[in-house]
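Enquirer: My structure is stored as work_20.cif, with mmCIF, C-alpha atoms.
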data_data
#
loop_
_atom_site.label_atom_id
_atom_site.label_comp_id
_atom_site.auth_asym_id
_atom_site.auth_seq_id
_atom_site.Cartn_x
_atom_site.Cartn_y
_atom_site.Cartn_z
CA MET A 1 -11.70 -0.57 20.33
CA ALA A 2 -14.43 -2.96 19.21
CA ALA A 3 -12.95 -5.33 16.68
CA ASP A 4 -16.42 -6.30 15.50
CA THR A 5 -16.76 -2.87 13.86
CA LEU A 6 -13.69 -3.50 11.67
CA ILE A 7 -14.20 -4.22 7.98
CA LEU A 8 -10.99 -5.48 6.35
CA GLU A 9 -11.01 -6.94 2.87
CA THR A 10 -8.09 -7.51 0.50
CA PHE A 11 -8.36 -8.76 -3.06
CA PRO A 12 -5.83 -9.00 -5.89
CA VAL A 13 -6.45 -6.72 -8.86
CA GLY A 14 -4.99 -6.34 -12.33
CA PRO A 15 -2.55 -8.48 -14.32
CA LEU A 16 0.09 -8.34 -11.56
CA GLN A 17 -2.47 -9.23 -8.86
CA CYS A 18 -1.73 -6.26 -6.62
CA ASN A 19 -3.31 -6.62 -3.18
CA CYS A 20 -5.92 -3.85 -2.91
CA THR A 21 -7.33 -3.33 0.58
CA ILE A 22 -10.53 -1.83 1.97
CA LEU A 23 -10.39 -0.94 5.66
CA GLY A 24 -13.63 0.36 7.09
CA ASP A 25 -15.49 1.11 10.31
CA ALA A 26 -18.99 -0.38 10.43
CA THR A 27 -20.04 2.18 13.06
CA THR A 28 -18.99 5.41 11.33
CA HIS A 29 -19.37 3.94 7.81
CA GLU A 30 -16.05 5.48 6.78
CA ALA A 31 -13.31 3.66 4.90
CA ILE A 32 -9.89 3.96 3.35
CA VAL A 33 -8.58 2.10 0.32
CA ILE A 34 -4.92 1.14 -0.07
CA ASP A 35 -3.35 0.59 -3.51
CA PRO A 36 -6.29 0.67 -5.95
CA GLY A 37 -4.30 -0.48 -8.96
CA GLU A 38 -7.18 -1.54 -11.16
CA GLU A 39 -10.75 -2.95 -11.23
CA ILE A 40 -12.17 0.25 -9.79
CA SER A 41 -15.80 -0.51 -10.68
CA ARG A 42 -15.53 -3.72 -8.65
CA LEU A 43 -13.99 -1.78 -5.77
CA VAL A 44 -16.63 0.96 -5.78
CA GLY A 45 -19.34 -1.69 -5.99
CA ARG A 46 -17.97 -3.36 -2.89
CA LEU A 47 -17.79 -0.07 -0.99
CA THR A 48 -21.42 0.53 -1.93
CA GLN A 49 -22.45 -2.96 -0.81
CA LEU A 50 -20.75 -2.37 2.53
CA GLY A 51 -22.35 1.07 2.92
CA LEU A 52 -18.98 2.78 3.27
CA LYS A 53 -17.91 6.35 2.41
CA LEU A 54 -14.32 6.58 1.23
CA THR A 55 -12.26 9.19 3.09
CA GLN A 56 -8.67 8.46 1.92
CA ILE A 57 -6.89 6.71 -0.95
CA LEU A 58 -3.47 5.65 0.32
CA ILE A 59 -0.74 4.59 -2.13
CA THR A 60 2.29 2.63 -0.87
CA HIS A 61 4.34 3.54 -3.96
CA ALA A 62 3.83 4.86 -7.47
CA HIS A 63 4.18 1.71 -9.58
CA ILE A 64 1.37 1.35 -12.09
CA ASP A 65 -0.08 -1.81 -10.54
CA HIS A 66 -0.63 0.03 -7.23
CA ILE A 67 -1.71 3.50 -8.37
CA GLY A 68 -3.24 2.93 -11.81
CA GLY A 69 -6.85 3.26 -10.68
CA ALA A 70 -6.41 5.93 -8.01
CA LEU A 71 -7.52 8.95 -10.04
CA GLN A 72 -10.61 7.12 -11.31
CA LEU A 73 -11.45 6.15 -7.72
CA LYS A 74 -10.99 9.76 -6.58
CA ARG A 75 -13.32 11.01 -9.29
CA LEU A 76 -16.00 8.53 -8.30
CA THR A 77 -15.78 9.08 -4.55
CA GLY A 78 -14.20 12.49 -3.95
CA ALA A 79 -11.60 10.96 -1.62
CA PRO A 80 -8.10 12.50 -1.67
CA ILE A 81 -5.04 10.59 -2.89
CA LEU A 82 -2.01 10.41 -0.59
CA LEU A 83 1.42 9.36 -1.94
CA ASN A 84 4.94 10.05 -0.70
CA GLN A 85 6.40 12.96 -2.65
CA ASN A 86 9.62 11.08 -3.42
CA ASP A 87 7.68 8.92 -5.89
CA LEU A 88 6.49 11.86 -8.02
CA PRO A 89 9.13 11.06 -10.69
CA LEU A 90 7.60 7.58 -11.05
CA LEU A 91 4.16 9.10 -11.39
CA GLU A 92 5.47 11.17 -14.29
CA MET A 93 6.80 7.96 -15.93
CA MET A 94 3.37 6.30 -16.16
CA GLU A 95 3.49 5.94 -19.95
CA LYS A 96 6.86 4.19 -19.69
CA GLN A 97 5.58 1.99 -16.85
CA ALA A 98 2.60 0.99 -19.00
CA SER A 99 4.97 0.07 -21.83
CA TRP A 100 6.83 -2.32 -19.52
CA LEU A 101 3.60 -4.27 -19.07
CA GLY A 102 2.16 -3.71 -22.53
CA VAL A 103 -1.00 -2.08 -21.14
CA ASP A 104 -2.81 1.20 -21.73
CA THR A 105 -1.50 4.19 -19.80
CA PRO A 106 -3.89 5.09 -16.97
CA GLU A 107 -4.67 8.73 -16.36
CA THR A 108 -2.95 10.01 -13.24
CA ALA A 109 -2.59 13.31 -11.40
CA PRO A 110 -0.35 14.60 -8.61
CA PRO A 111 -1.50 13.45 -5.16
CA ASP A 112 -3.52 15.72 -2.89
CA ALA A 113 -0.95 15.30 -0.12
CA SER A 114 2.28 13.48 0.64
CA LEU A 115 2.50 10.47 2.95
CA GLU A 116 5.30 11.50 5.30
CA ASP A 117 7.19 9.38 7.80
CA GLY A 118 5.45 9.37 11.18
CA GLN A 119 2.22 10.83 9.82
CA ARG A 120 -1.08 9.50 11.18
CA VAL A 121 -3.54 8.39 8.53
CA GLY A 122 -6.47 6.00 8.27
CA LEU A 123 -9.63 6.16 10.38
CA ASP A 124 -10.13 7.64 13.84
CA SER A 125 -10.93 4.20 15.23
CA TYR A 126 -8.27 2.40 13.17
CA PRO A 127 -5.33 4.78 12.72
CA ALA A 128 -2.08 3.96 10.97
CA GLN A 129 1.38 5.45 11.22
CA VAL A 130 3.28 6.01 7.98
CA ILE A 131 6.70 4.32 7.90
CA HIS A 132 8.94 5.57 5.08
CA THR A 133 10.77 2.50 3.70
CA PRO A 134 12.75 3.55 0.61
CA GLY A 135 14.46 0.91 -1.50
CA HIS A 136 11.86 -0.63 -3.79
CA THR A 137 11.16 2.98 -4.78
CA GLN A 138 12.33 6.19 -3.15
CA GLY A 139 8.84 6.99 -1.93
CA SER A 140 7.83 3.53 -0.72
CA VAL A 141 5.91 3.58 2.54
CA CYS A 142 4.40 0.98 4.85
CA LEU A 143 1.30 1.62 6.96
CA HIS A 144 1.45 0.36 10.54
CA PHE A 145 -1.95 -0.17 12.14
CA ALA A 146 -0.53 -0.79 15.62
CA PRO A 147 -3.90 -1.33 17.38
CA LEU A 148 -4.69 -4.05 14.81
CA GLY A 149 -1.24 -5.65 14.91
CA LEU A 150 -1.01 -5.11 11.15
CA VAL A 151 1.45 -3.53 8.74
CA VAL A 152 0.53 -3.00 5.09
CA ALA A 153 3.95 -3.36 3.50
CA GLY A 154 3.46 -2.49 -0.16
CA ASP A 155 6.26 -4.04 -2.21
CA THR A 156 8.91 -3.63 0.49
CA LEU A 157 8.48 -6.99 2.26
CA PHE A 158 6.80 -10.19 1.05
CA ALA A 159 6.34 -13.66 2.47
CA GLY A 160 9.79 -15.14 1.84
CA SER A 161 11.00 -12.28 -0.33
CA ILE A 162 11.62 -8.55 -0.63
CA GLY A 163 10.77 -5.96 -3.26
CA ARG A 164 12.72 -5.83 -6.50
CA THR A 165 15.25 -3.03 -6.82
CA ASP A 166 16.10 -3.13 -10.54
CA LEU A 167 13.53 -0.52 -11.60
CA PRO A 168 14.02 3.29 -11.50
CA GLY A 169 14.38 4.47 -7.91
CA GLY A 170 15.32 1.03 -6.62
CA ASP A 171 18.29 0.47 -4.27
CA SER A 172 19.14 -2.98 -2.90
CA ARG A 173 21.16 -1.76 0.09
CA GLN A 174 18.50 0.77 0.98
CA ILE A 175 15.60 -1.70 0.95
CA LEU A 176 17.46 -4.06 3.29
CA SER A 177 18.25 -1.16 5.61
CA SER A 178 14.61 -0.07 5.57
CA ILE A 179 13.36 -3.56 6.37
CA HIS A 180 15.84 -4.19 9.17
CA SER A 181 15.57 -0.77 10.82
CA ARG A 182 11.88 0.03 10.26
CA LEU A 183 9.94 -3.24 9.94
CA LEU A 184 11.78 -6.02 11.78
CA VAL A 185 11.69 -3.89 14.94
CA LEU A 186 7.89 -4.23 15.04
CA PRO A 187 6.37 -6.88 17.36
CA GLU A 188 6.98 -10.36 15.97
CA ASP A 189 3.28 -11.22 15.91
CA THR A 190 2.55 -8.22 13.64
CA GLN A 191 0.74 -9.42 10.54
CA VAL A 192 2.35 -8.30 7.28
CA LEU A 193 0.02 -7.66 4.36
CA PRO A 194 2.32 -7.36 1.33
CA GLY A 195 1.62 -5.77 -2.03
CA HIS A 196 1.37 -9.19 -3.66
CA GLY A 197 0.87 -12.70 -2.36
CA PRO A 198 -0.08 -14.10 1.04
CA VAL A 199 -0.06 -12.56 4.51
CA THR A 200 2.90 -13.35 6.76
CA THR A 201 4.24 -12.06 10.11
CA ILE A 202 7.31 -10.13 11.16
CA GLY A 203 8.43 -13.12 13.25
CA GLN A 204 8.15 -15.56 10.34
CA GLU A 205 10.16 -13.28 8.06
CA LYS A 206 12.91 -12.85 10.65
CA ILE A 207 13.36 -16.61 10.69
CA ARG A 208 12.50 -17.79 7.19
CA ASN A 209 13.13 -14.98 4.73
CA PRO A 210 16.36 -15.86 2.88
CA PHE A 211 16.99 -12.23 1.96
CA LEU A 212 17.07 -11.17 5.61
CA THR A 213 19.27 -13.82 7.23
#
Rewrite the structure from the file as C-alpha coordinates, please.
Expert:
Amino acid sequence: MAADTLILETFPVGPLQCNCTILGDATTHEAIVIDPGEEISRLVGRLTQLGLKLTQILITHAHIDHIGGALQLKRLTGAPILLNQNDLPLLEMMEKQASWLGVDTPETAPPDASLEDGQRVGLDSYPAQVIHTPGHTQGSVCLHFAPLGLVVAGDTLFAGSIGRTDLPGGDSRQILSSIHSRLLVLPEDTQVLPGHGPVTTIGQEKIRNPFLT
(Lines of atoms letter the chains of each structure in order from A and count residues from 1; the text may use other names and numbers.)
(Lines give C-alpha, C1' and ligand atoms only; values in the text may rest on other atoms or scores of the structure.)
Protein backbone atom coordinates (compact mmCIF):
# COMPACT_ATOMS: atom_id res chain seq x y z
CA MET A 1 0.00 0.00 0.00
CA ALA A 2 1.54 3.29 -1.11
CA ALA A 3 1.21 5.76 1.73
CA ASP A 4 1.86 8.63 -0.64
CA THR A 5 -1.60 8.09 -2.17
CA LEU A 6 -3.29 8.68 1.21
CA ILE A 7 -5.14 11.93 1.79
CA LEU A 8 -6.04 12.39 5.46
CA GLU A 9 -7.34 15.70 6.76
CA THR A 10 -9.15 16.44 10.01
CA PHE A 11 -10.59 19.79 11.00
CA PRO A 12 -12.87 20.86 13.86
CA VAL A 13 -16.35 22.02 12.86
CA GLY A 14 -19.27 23.67 14.62
CA PRO A 15 -19.61 25.20 18.09
CA LEU A 16 -18.43 21.99 19.82
CA GLN A 17 -15.44 21.66 17.47
CA CYS A 18 -16.20 18.11 16.36
CA ASN A 19 -13.30 16.52 14.49
CA CYS A 20 -14.51 15.96 10.92
CA THR A 21 -12.23 13.78 8.79
CA ILE A 22 -11.67 13.36 5.06
CA LEU A 23 -9.85 10.16 4.08
CA GLY A 24 -9.11 9.83 0.40
CA ASP A 25 -7.08 7.93 -2.17
CA ALA A 26 -5.18 10.16 -4.59
CA THR A 27 -5.00 7.34 -7.15
CA THR A 28 -8.68 6.37 -7.35
CA HIS A 29 -9.91 9.86 -6.35
CA GLU A 30 -12.42 8.32 -3.95
CA ALA A 31 -12.98 9.47 -0.38
CA ILE A 32 -14.99 8.94 2.77
CA VAL A 33 -15.99 11.55 5.32
CA ILE A 34 -16.36 10.77 9.01
CA ASP A 35 -18.62 12.85 11.29
CA PRO A 36 -19.67 15.84 9.14
CA GLY A 37 -21.31 17.76 11.96
CA GLU A 38 -21.40 21.17 10.34
CA GLU A 39 -19.67 23.53 7.87
CA ILE A 40 -20.66 21.37 4.91
CA SER A 41 -19.93 24.00 2.26
CA ARG A 42 -16.35 24.17 3.54
CA LEU A 43 -16.14 20.39 3.48
CA VAL A 44 -17.51 20.04 -0.06
CA GLY A 45 -15.18 22.82 -1.20
CA ARG A 46 -12.21 20.91 0.15
CA LEU A 47 -13.31 17.67 -1.52
CA THR A 48 -13.57 19.59 -4.78
CA GLN A 49 -10.12 21.13 -4.33
CA LEU A 50 -8.67 17.68 -3.74
CA GLY A 51 -10.51 16.23 -6.75
CA LEU A 52 -12.22 13.58 -4.63
CA LYS A 53 -15.56 11.79 -5.14
CA LEU A 54 -17.30 10.95 -1.87
CA THR A 55 -18.35 7.30 -1.59
CA GLN A 56 -19.40 6.98 2.08
CA ILE A 57 -20.47 9.22 4.97
CA LEU A 58 -19.62 7.40 8.20
CA ILE A 59 -21.11 8.55 11.52
CA THR A 60 -19.53 7.40 14.80
CA HIS A 61 -22.70 8.24 16.77
CA ALA A 62 -25.87 10.26 16.40
CA HIS A 63 -25.13 13.33 18.51
CA ILE A 64 -25.95 16.55 16.69
CA ASP A 65 -22.35 17.79 16.54
CA HIS A 66 -21.32 14.65 14.62
CA ILE A 67 -24.30 14.05 12.33
CA GLY A 68 -25.87 17.49 11.91
CA GLY A 69 -24.56 18.06 8.38
CA ALA A 70 -24.76 14.50 7.07
CA LEU A 71 -28.02 14.80 5.14
CA GLN A 72 -26.90 18.05 3.50
CA LEU A 73 -23.62 16.37 2.51
CA LYS A 74 -25.51 13.38 1.09
CA ARG A 75 -27.71 15.65 -1.00
CA LEU A 76 -24.70 17.46 -2.42
CA THR A 77 -22.63 14.37 -3.18
CA GLY A 78 -24.99 11.40 -3.44
CA ALA A 79 -22.91 9.43 -0.92
CA PRO A 80 -24.80 7.11 1.46
CA ILE A 81 -24.93 7.70 5.22
CA LEU A 82 -23.93 4.83 7.51
CA LEU A 83 -24.83 4.88 11.23
CA ASN A 84 -25.26 2.09 13.76
CA GLN A 85 -28.95 1.27 14.11
CA ASN A 86 -28.83 1.44 17.91
CA ASP A 87 -28.54 5.24 17.65
CA LEU A 88 -31.78 5.68 15.69
CA PRO A 89 -33.58 6.89 18.87
CA LEU A 90 -31.03 9.71 19.16
CA LEU A 91 -31.58 10.61 15.53
CA GLU A 92 -35.28 10.99 16.30
CA MET A 93 -34.39 13.34 19.21
CA MET A 94 -32.62 15.90 17.00
CA GLU A 95 -34.93 18.77 17.98
CA LYS A 96 -34.25 18.07 21.66
CA GLN A 97 -30.51 17.79 20.99
CA ALA A 98 -30.59 21.16 19.24
CA SER A 99 -32.35 22.67 22.26
CA TRP A 100 -29.51 21.51 24.52
CA LEU A 101 -27.12 23.65 22.48
CA GLY A 102 -29.52 26.45 21.62
CA VAL A 103 -29.06 25.94 17.87
CA ASP A 104 -31.39 25.36 14.93
CA THR A 105 -32.50 21.77 14.37
CA PRO A 106 -30.72 20.29 11.35
CA GLU A 107 -32.72 18.21 8.92
CA THR A 108 -31.92 14.53 9.26
CA ALA A 109 -33.10 11.26 7.75
CA PRO A 110 -32.63 7.58 8.60
CA PRO A 111 -29.25 6.23 7.46
CA ASP A 112 -28.90 4.25 4.25
CA ALA A 113 -27.31 1.37 6.16
CA SER A 114 -26.21 0.41 9.66
CA LEU A 115 -22.58 0.30 10.75
CA GLU A 116 -22.35 -3.17 12.29
CA ASP A 117 -19.58 -4.63 14.42
CA GLY A 118 -16.92 -6.29 12.27
CA GLN A 119 -18.17 -4.71 9.05
CA ARG A 120 -15.59 -3.53 6.51
CA VAL A 121 -16.05 0.05 5.35
CA GLY A 122 -13.88 2.81 3.91
CA LEU A 123 -11.89 2.58 0.68
CA ASP A 124 -10.51 -0.50 -1.08
CA SER A 125 -6.97 0.73 -0.50
CA TYR A 126 -7.65 2.03 3.02
CA PRO A 127 -10.28 -0.21 4.61
CA ALA A 128 -11.59 0.07 8.15
CA GLN A 129 -13.24 -2.42 10.46
CA VAL A 130 -16.21 -1.23 12.48
CA ILE A 131 -15.81 -1.73 16.24
CA HIS A 132 -19.08 -1.36 18.18
CA THR A 133 -18.23 0.50 21.41
CA PRO A 134 -21.47 1.29 23.26
CA GLY A 135 -21.38 3.51 26.33
CA HIS A 136 -21.26 7.11 25.18
CA THR A 137 -24.33 6.16 23.14
CA GLN A 138 -25.77 2.74 22.42
CA GLY A 139 -24.76 2.94 18.78
CA SER A 140 -21.28 4.39 19.21
CA VAL A 141 -18.71 2.86 16.90
CA CYS A 142 -14.98 3.28 16.31
CA LEU A 143 -13.35 2.76 12.91
CA HIS A 144 -10.09 0.81 12.93
CA PHE A 145 -7.90 1.42 9.89
CA ALA A 146 -5.44 -1.35 10.75
CA PRO A 147 -3.14 -0.85 7.72
CA LEU A 148 -2.76 2.81 8.73
CA GLY A 149 -2.31 2.12 12.44
CA LEU A 150 -5.26 4.42 13.11
CA VAL A 151 -8.54 4.22 15.01
CA VAL A 152 -11.16 6.95 14.65
CA ALA A 153 -12.72 6.81 18.11
CA GLY A 154 -15.68 9.16 17.98
CA ASP A 155 -16.57 10.27 21.51
CA THR A 156 -15.62 6.95 23.13
CA LEU A 157 -11.96 7.71 23.93
CA PHE A 158 -10.13 11.04 24.12
CA ALA A 159 -6.62 12.11 25.00
CA GLY A 160 -6.75 11.87 28.80
CA SER A 161 -10.50 11.35 28.99
CA ILE A 162 -13.48 9.27 27.91
CA GLY A 163 -16.89 10.11 26.51
CA ARG A 164 -19.58 11.52 28.77
CA THR A 165 -22.33 9.12 29.79
CA ASP A 166 -24.94 11.48 31.28
CA LEU A 167 -26.95 11.93 28.07
CA PRO A 168 -29.68 9.57 26.77
CA GLY A 169 -28.19 6.20 25.88
CA GLY A 170 -25.09 6.74 28.00
CA ASP A 171 -23.77 4.07 30.40
CA SER A 172 -20.59 4.59 32.42
CA ARG A 173 -19.89 0.91 33.08
CA GLN A 174 -20.51 0.05 29.45
CA ILE A 175 -18.14 2.67 28.03
CA LEU A 176 -15.31 1.47 30.27
CA SER A 177 -15.98 -2.12 29.23
CA SER A 178 -15.99 -1.10 25.56
CA ILE A 179 -12.70 0.77 25.88
CA HIS A 180 -10.92 -1.98 27.80
CA SER A 181 -12.18 -4.91 25.73
CA ARG A 182 -12.32 -3.34 22.25
CA LEU A 183 -9.79 -0.48 22.07
CA LEU A 184 -6.99 -1.09 24.58
CA VAL A 185 -6.36 -4.48 22.95
CA LEU A 186 -5.22 -2.72 19.76
CA PRO A 187 -1.46 -2.27 19.18
CA GLU A 188 -0.06 0.35 21.53
CA ASP A 189 1.32 2.47 18.70
CA THR A 190 -2.17 2.78 17.14
CA GLN A 191 -3.00 6.44 16.69
CA VAL A 192 -6.33 7.47 18.21
CA LEU A 193 -8.23 10.24 16.44
CA PRO A 194 -10.98 11.24 18.88
CA GLY A 195 -14.20 13.10 18.20
CA HIS A 196 -12.82 16.23 19.82
CA GLY A 197 -9.35 17.42 20.71
CA PRO A 198 -5.87 16.16 19.86
CA VAL A 199 -4.64 12.83 18.53
CA THR A 200 -3.22 10.36 21.05
CA THR A 201 -2.18 6.68 21.01
CA ILE A 202 -3.51 3.53 22.63
CA GLY A 203 -0.24 3.17 24.55
CA GLN A 204 -0.40 6.71 25.95
CA GLU A 205 -3.98 6.24 27.11
CA LYS A 206 -3.15 2.95 28.83
CA ILE A 207 -0.55 4.77 30.91
CA ARG A 208 -1.88 8.30 31.35
CA ASN A 209 -5.66 8.26 31.10
CA PRO A 210 -6.98 8.67 34.67
CA PHE A 211 -10.31 7.07 33.77
CA LEU A 212 -8.63 3.84 32.67
CA THR A 213 -6.14 3.17 35.47
Enquirer: What's around segment 47-57 of chain A at 10 Å? Count only C-alpha atoms, leave out sequence neighbours fewer than 5 positions away in its own chain, and write the answer as a PDB file with C-alpha atoms, in the coordinates of the input.
Expert:
ATOM      1  CA  ILE A   7     -14.200  -4.220   7.980  1.00  0.00           C
ATOM      2  CA  ILE A  22     -10.530  -1.830   1.970  1.00  0.00           C
ATOM      3  CA  LEU A  23     -10.390  -0.940   5.660  1.00  0.00           C
ATOM      4  CA  GLY A  24     -13.630   0.360   7.090  1.00  0.00           C
ATOM      5  CA  ASP A  25     -15.490   1.110  10.310  1.00  0.00           C
ATOM      6  CA  ALA A  26     -18.990  -0.380  10.430  1.00  0.00           C
ATOM      7  CA  THR A  27     -20.040   2.180  13.060  1.00  0.00           C
ATOM      8  CA  THR A  28     -18.990   5.410  11.330  1.00  0.00           C
ATOM      9  CA  HIS A  29     -19.370   3.940   7.810  1.00  0.00           C
ATOM     10  CA  GLU A  30     -16.050   5.480   6.780  1.00  0.00           C
ATOM     11  CA  ALA A  31     -13.310   3.660   4.900  1.00  0.00           C
ATOM     12  CA  ILE A  32      -9.890   3.960   3.350  1.00  0.00           C
ATOM     13  CA  VAL A  33      -8.580   2.100   0.320  1.00  0.00           C
ATOM     14  CA  ILE A  34      -4.920   1.140  -0.070  1.00  0.00           C
ATOM     15  CA  ASP A  35      -3.350   0.590  -3.510  1.00  0.00           C
ATOM     16  CA  PRO A  36      -6.290   0.670  -5.950  1.00  0.00           C
ATOM     17  CA  SER A  41     -15.800  -0.510 -10.680  1.00  0.00           C
ATOM     18  CA  ARG A  42     -15.530  -3.720  -8.650  1.00  0.00           C
ATOM     19  CA  ILE A  67      -1.710   3.500  -8.370  1.00  0.00           C
ATOM     20  CA  ALA A  70      -6.410   5.930  -8.010  1.00  0.00           C
ATOM     21  CA  LEU A  71      -7.520   8.950 -10.040  1.00  0.00           C
ATOM     22  CA  LEU A  73     -11.450   6.150  -7.720  1.00  0.00           C
ATOM     23  CA  LYS A  74     -10.990   9.760  -6.580  1.00  0.00           C
ATOM     24  CA  LEU A  76     -16.000   8.530  -8.300  1.00  0.00           C
ATOM     25  CA  THR A  77     -15.780   9.080  -4.550  1.00  0.00           C
ATOM     26  CA  GLY A  78     -14.200  12.490  -3.950  1.00  0.00           C
ATOM     27  CA  ALA A  79     -11.600  10.960  -1.620  1.00  0.00           C
ATOM     28  CA  PRO A  80      -8.100  12.500  -1.670  1.00  0.00           C
ATOM     29  CA  ILE A  81      -5.040  10.590  -2.890  1.00  0.00           C
ATOM     30  CA  LEU A  82      -2.010  10.410  -0.590  1.00  0.00           C
ATOM     31  CA  LEU A  83       1.420   9.360  -1.940  1.00  0.00           C
ATOM     32  CA  PRO A 111      -1.500  13.450  -5.160  1.00  0.00           C
ATOM     33  CA  ASP A 112      -3.520  15.720  -2.890  1.00  0.00           C
ATOM     34  CA  VAL A 121      -3.540   8.390   8.530  1.00  0.00           C
ATOM     35  CA  GLY A 122      -6.470   6.000   8.270  1.00  0.00           C
ATOM     36  CA  LEU A 123      -9.630   6.160  10.380  1.00  0.00           C
TER      37      LEU A 123
END
Enquirer: Take the point (7.1, 9.3, 12.5) as written in the file and pick out every residue within 10 Å of it, counting only C-alpha atoms; give the list as a PyMOL selection string.
Expert: chain A and resi 116-120+129-132
Enquirer: Which residues fall under the PyMOL selection byres ((chain A and resi 92) around 12) in this file, as a PDB file with C-alpha atoms, in the coordinates of the input?
Expert:
ATOM      1  CA  ALA A  62       3.830   4.860  -7.470  1.00  0.00           C
ATOM      2  CA  HIS A  63       4.180   1.710  -9.580  1.00  0.00           C
ATOM      3  CA  ILE A  64       1.370   1.350 -12.090  1.00  0.00           C
ATOM      4  CA  GLN A  85       6.400  12.960  -2.650  1.00  0.00           C
ATOM      5  CA  ASN A  86       9.620  11.080  -3.420  1.00  0.00           C
ATOM      6  CA  ASP A  87       7.680   8.920  -5.890  1.00  0.00           C
ATOM      7  CA  LEU A  88       6.490  11.860  -8.020  1.00  0.00           C
ATOM      8  CA  PRO A  89       9.130  11.060 -10.690  1.00  0.00           C
ATOM      9  CA  LEU A  90       7.600   7.580 -11.050  1.00  0.00           C
ATOM     10  CA  LEU A  91       4.160   9.100 -11.390  1.00  0.00           C
ATOM     11  CA  MET A  93       6.800   7.960 -15.930  1.00  0.00           C
ATOM     12  CA  MET A  94       3.370   6.300 -16.160  1.00  0.00           C
ATOM     13  CA  GLU A  95       3.490   5.940 -19.950  1.00  0.00           C
ATOM     14  CA  LYS A  96       6.860   4.190 -19.690  1.00  0.00           C
ATOM     15  CA  GLN A  97       5.580   1.990 -16.850  1.00  0.00           C
ATOM     16  CA  ALA A  98       2.600   0.990 -19.000  1.00  0.00           C
ATOM     17  CA  THR A 105      -1.500   4.190 -19.800  1.00  0.00           C
ATOM     18  CA  PRO A 106      -3.890   5.090 -16.970  1.00  0.00           C
ATOM     19  CA  GLU A 107      -4.670   8.730 -16.360  1.00  0.00           C
ATOM     20  CA  THR A 108      -2.950  10.010 -13.240  1.00  0.00           C
ATOM     21  CA  ALA A 109      -2.590  13.310 -11.400  1.00  0.00           C
ATOM     22  CA  PRO A 110      -0.350  14.600  -8.610  1.00  0.00           C
ATOM     23  CA  PRO A 111      -1.500  13.450  -5.160  1.00  0.00           C
ATOM     24  CA  PRO A 168      14.020   3.290 -11.500  1.00  0.00           C
TER      25      PRO A 168
END
Enquirer: Given the file shown, determine the residues that the PyMOL selection byres ((chain A and resi 196-205) around 9) selects; report them as a PyMOL selection string.
Expert: chain A and resi 12+16-19+150+154-155+157-161+183-195+206-210+212
Enquirer: Atom CA of Glu38 of chain A and atom CA of Glu9 of chain A are how many Å apart?
Expert: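 Atom CA of Glu9 of chain A lies 15.5 Å from atom CA of Glu38 of chain A.
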Enquirer: To one decimal place, how far is atom CA of Ser177 of chain A from atom CA of Thr133 of chain A in Å?
Expert: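 One can read the atom CA of Ser177 of chain A to atom CA of Thr133 of chain A distance as 8.5 Å.
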Enquirer: One number please: atom CA of Asp124 of chain A to atom CA of Cys142 of chain A, in Å, one decimal.
Expert: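 Distance reported for this atom pair: 18.3 Å.
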Enquirer: As JSON, please: the centre and edge lengths in Å, to one decimal, of an axis-aligned box enclosing every listed atom of segment 137-144 of chain A with 8 Å added on each side.
Expert:
{"center_x": 6.8, "center_y": 3.7, "center_z": 2.9, "size_x": 27.0, "size_y": 22.6, "size_z": 31.3}
Enquirer: Which residue, A:Ile162, A:Pro134, A:Ser125, A:Ile179, has the smallest gap to Ala146 of chain A when you use only C-alpha atoms?
Expert: A:Ser125
Enquirer: Taking all atoms listed in the file into account, name the residue in A:Tyr126, A:Ser181, A:Ala153, A:Gln174 that is nearest to Thr5 of chain A.
Expert: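 So, comparing all the options, the nearest one is A:Tyr126.
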Enquirer: Using all atoms listed in the file for the distances, tell me which of A:Arg46, A:Gly149, A:Asn84, A:Arg182 is nearest to Thr10 of chain A.
Expert: A:Arg46
Enquirer: Of the candidates A:Leu115, A:Val152, A:Leu143, A:Val103, which shows the shortest atom-to-atom distance to Cys20 of chain A, using only C-alpha atoms?
Expert: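 The shortest atom-to-atom distance to Cys20 of chain A comes from A:Val152.
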